[in-house]
Amino acid sequence: MNPLSVVARTVCNLFAWFLAIFGIYVIVHGHLTPGGGFQGGAVVATFMAFLLVAHGGEKMQSWVRKDRFTLMECFGLTLFISAGLLGMSKTFFFNFLAKAGGVFGGVLPIGPNAGALNTSGTIALMNLSVGIEVVGGLSMILLYMFSAAHPQEPMGREESGHDR
Amino acid sequence: MKARIFFLISILVVGGLLWSGLQAVHPFGLPNGTPMDDYFIANAQGEAAANNVVTSIVFDYRGFDTLGEGAVLFTAVISVAALFRKRGHN
Amino acid sequence: MIEILHLSILATILISGFLALWFRNLLSSVISLSVLSLFVSLEFFYMQAPDVAIAEAGIGAGLSTAIYIVALRAVGKKQFRKEGEH
């Protein structure tokens, strides 16, 4: 696919980074604010969609590598399953990390409060793993679809998007 | 002509069922609480230690369903990669 | 006041859904679907479901629009034609 015009490329280059920051914020603060791993991962994948639509598939293929995203997806799912299987003697997800333990083992006061980032036990870990998995998976889908699309528009034109 | 009569009958049946279902909907903006809702609102903060009750349901109480969701996404990525792979070389 | 806002959101959903079917230009239809998704996300936020609103804004308005645009540019058709026409 041919890249879009200079105006569209500049706007996408600027606003894609705001999308990436917002998505990472939604993933990391999943246990405090609305959102979670899936929503934040979808927003970060929208960052990849912005750059793909603006710059075309061939240029993005030279910037990023597909196997890194495969690795991200497999790592996220493996982290999810292994953290769930840690306490299989009682139930799924009930392990020593739940509620208190590890990095996210802060004590949460009951009642309306502002919350702290280092609380919630396994939930923050699950948010991170699902977020990594969704970012890898949706970016993989977009990269494959953009690399397999053979453009039917006349080749040799430098830019497209204002061609009507 | 026969297909048009069939479409008309199906539209009437579905519309009648939808209208009869809409009569029993509670007013807009007034959620009717169930015992499950009350349990989650009262106990989720103490049991799951997270302020966001929705996330504590998705990732703690119903964590096995979230695993299924991840498996669905993984299957979708595998099928897209199998559909759009480069043929011939590579 | 908030009721007028809510009714205008619902009316925009209806109008953009109608325009997505009415446009002959396929790119305009895709952009209209994106606007529909954005206002459905606003409606979810009004109904106090911000999780669903973020998911709808990310997937419906962002990712599916990008996938539709790449499908349109790969197929190369700009206009919707009826059968029999050329």
# chains A, B, ... in the order shown; residues from 1 in each chain; ligands from 1

call {"tool": "closest_atom_pairs", "arguments": {"of": "chain C", "to": "chain A", "cutoff": "10 Å", "atoms": "only C-alpha atoms", "output": "tab-separated table"}}
result
residue	atom	partner	partner_atom	distance
C:Ala49	CA	A:Pro34	CA	8.5
C:Pro50	CA	A:Pro34	CA	6.0
C:Asp51	CA	A:Gly35	CA	4.7
C:Val52	CA	A:Gly35	CA	8.0
C:Ala53	CA	A:Gly35	CA	8.9
C:Ile54	CA	A:Gln39	CA	6.0
C:Ala55	CA	A:Gln39	CA	4.8
C:Glu56	CA	A:Gln39	CA	8.5
C:Ala57	CA	A:Val43	CA	8.2
C:Gly58	CA	A:Val43	CA	5.0
C:Ile59	CA	A:Ala42	CA	6.1
C:Gly60	CA	A:Ala42	CA	9.9
C:Ala61	CA	A:Thr46	CA	9.2
C:Gly62	CA	A:Thr46	CA	5.7
C:Leu63	CA	A:Thr46	CA	5.8
C:Ser64	CA	A:Thr46	CA	9.6
C:Thr65	CA	A:Ala49	CA	9.2
C:Ala66	CA	A:Ala49	CA	6.2
C:Ile67	CA	A:Leu142	CA	7.3
C:Ile69	CA	A:Val53	CA	8.1
C:Val70	CA	A:Phe146	CA	6.7
C:Ala71	CA	A:Ala149	CA	7.5
C:Leu72	CA	A:Pro151	CA	9.5
C:Arg73	CA	A:Pro151	CA	6.2
C:Ala74	CA	A:Pro151	CA	4.8
C:Val75	CA	A:Gln152	CA	6.5
C:Gly76	CA	A:Gln152	CA	5.2
C:Lys77	CA	A:Gln152	CA	8.8
C:Lys78	CA	A:Arg164	CA	9.4

call {"tool": "residues_around", "arguments": {"residues": "B:Val53", "least_positions_apart": "5", "cutoff": "10 Å", "atoms": "only C-alpha atoms", "output": "list in words"}}
result
His31, Leu32, Thr33 and Pro34 of chain A; Phe40, Ile41, Ala42, Asn43, Ala44, Gln45, Ala48, Val58, Phe59 and Asp60 of chain B

call {"tool": "write_last_selection", "arguments": {"atoms": "N, CA and C atoms", "output": "PDB file, in the first residue's frame"}}
result
ATOM      1  N   HIS A  31      -6.395  -2.082  37.836  1.00  0.00           N
ATOM      2  CA  HIS A  31      -7.094  -2.414  39.069  1.00  0.00           C
ATOM      3  C   HIS A  31      -7.563  -1.185  39.824  1.00  0.00           C
ATOM      4  N   LEU A  32      -7.308   0.011  39.282  1.00  0.00           N
ATOM      5  CA  LEU A  32      -7.753   1.228  39.967  1.00  0.00           C
ATOM      6  C   LEU A  32      -8.795   1.995  39.178  1.00  0.00           C
ATOM      7  N   THR A  33      -8.593   2.135  37.895  1.00  0.00           N
ATOM      8  CA  THR A  33      -9.488   2.936  37.062  1.00  0.00           C
ATOM      9  C   THR A  33     -10.189   2.017  36.062  1.00  0.00           C
ATOM     10  N   PRO A  34     -11.282   2.488  35.449  1.00  0.00           N
ATOM     11  CA  PRO A  34     -11.966   1.660  34.448  1.00  0.00           C
ATOM     12  C   PRO A  34     -11.042   1.244  33.320  1.00  0.00           C
TER      13      PRO A  34
ATOM     14  N   PHE B  40     -21.128  -8.817  45.385  1.00  0.00           N
ATOM     15  CA  PHE B  40     -19.897  -8.303  44.790  1.00  0.00           C
ATOM     16  C   PHE B  40     -19.588  -6.913  45.311  1.00  0.00           C
ATOM     17  N   ILE B  41     -20.616  -6.053  45.395  1.00  0.00           N
ATOM     18  CA  ILE B  41     -20.371  -4.678  45.841  1.00  0.00           C
ATOM     19  C   ILE B  41     -19.926  -4.666  47.302  1.00  0.00           C
ATOM     20  N   ALA B  42     -20.455  -5.569  48.110  1.00  0.00           N
ATOM     21  CA  ALA B  42     -20.115  -5.544  49.530  1.00  0.00           C
ATOM     22  C   ALA B  42     -18.763  -6.182  49.799  1.00  0.00           C
ATOM     23  N   ASN B  43     -18.414  -7.253  49.076  1.00  0.00           N
ATOM     24  CA  ASN B  43     -17.271  -8.068  49.493  1.00  0.00           C
ATOM     25  C   ASN B  43     -16.086  -8.047  48.551  1.00  0.00           C
ATOM     26  N   ALA B  44     -16.229  -7.459  47.346  1.00  0.00           N
ATOM     27  CA  ALA B  44     -15.151  -7.595  46.354  1.00  0.00           C
ATOM     28  C   ALA B  44     -13.893  -6.875  46.801  1.00  0.00           C
ATOM     29  N   GLN B  45     -14.056  -5.726  47.490  1.00  0.00           N
ATOM     30  CA  GLN B  45     -12.870  -4.973  47.875  1.00  0.00           C
ATOM     31  C   GLN B  45     -12.069  -5.701  48.959  1.00  0.00           C
ATOM     32  N   ALA B  48     -10.806  -9.457  47.005  1.00  0.00           N
ATOM     33  CA  ALA B  48      -9.873  -9.442  45.889  1.00  0.00           C
ATOM     34  C   ALA B  48      -8.835  -8.341  46.015  1.00  0.00           C
ATOM     35  N   VAL B  58     -13.648  -9.749  36.623  1.00  0.00           N
ATOM     36  CA  VAL B  58     -13.145 -10.331  35.371  1.00  0.00           C
ATOM     37  C   VAL B  58     -11.893 -11.165  35.615  1.00  0.00           C
ATOM     38  N   PHE B  59     -10.993 -10.667  36.468  1.00  0.00           N
ATOM     39  CA  PHE B  59      -9.710 -11.342  36.619  1.00  0.00           C
ATOM     40  C   PHE B  59      -9.596 -12.203  37.862  1.00  0.00           C
ATOM     41  N   ASP B  60     -10.535 -12.132  38.791  1.00  0.00           N
ATOM     42  CA  ASP B  60     -10.393 -12.936  39.991  1.00  0.00           C
ATOM     43  C   ASP B  60     -11.547 -13.930  40.156  1.00  0.00           C
TER      44      ASP B  60
END

call {"tool": "closest_residue", "arguments": {"among": "B:Asn52, B:Phe6, B:Thr34, B:Gly16", "to": "chain C", "atoms": "only C-alpha atoms"}}
result
B:Asn52

call {"tool": "atom_distance", "arguments": {"atom1": "atom CA of B:Ser79", "atom2": "atom CA of A:His55"}}
result
25.5 Å

call {"tool": "atom_distance", "arguments": {"atom1": "atom CA of C:Thr12", "atom2": "atom CA of A:Phe22"}}
result
26.5 Å
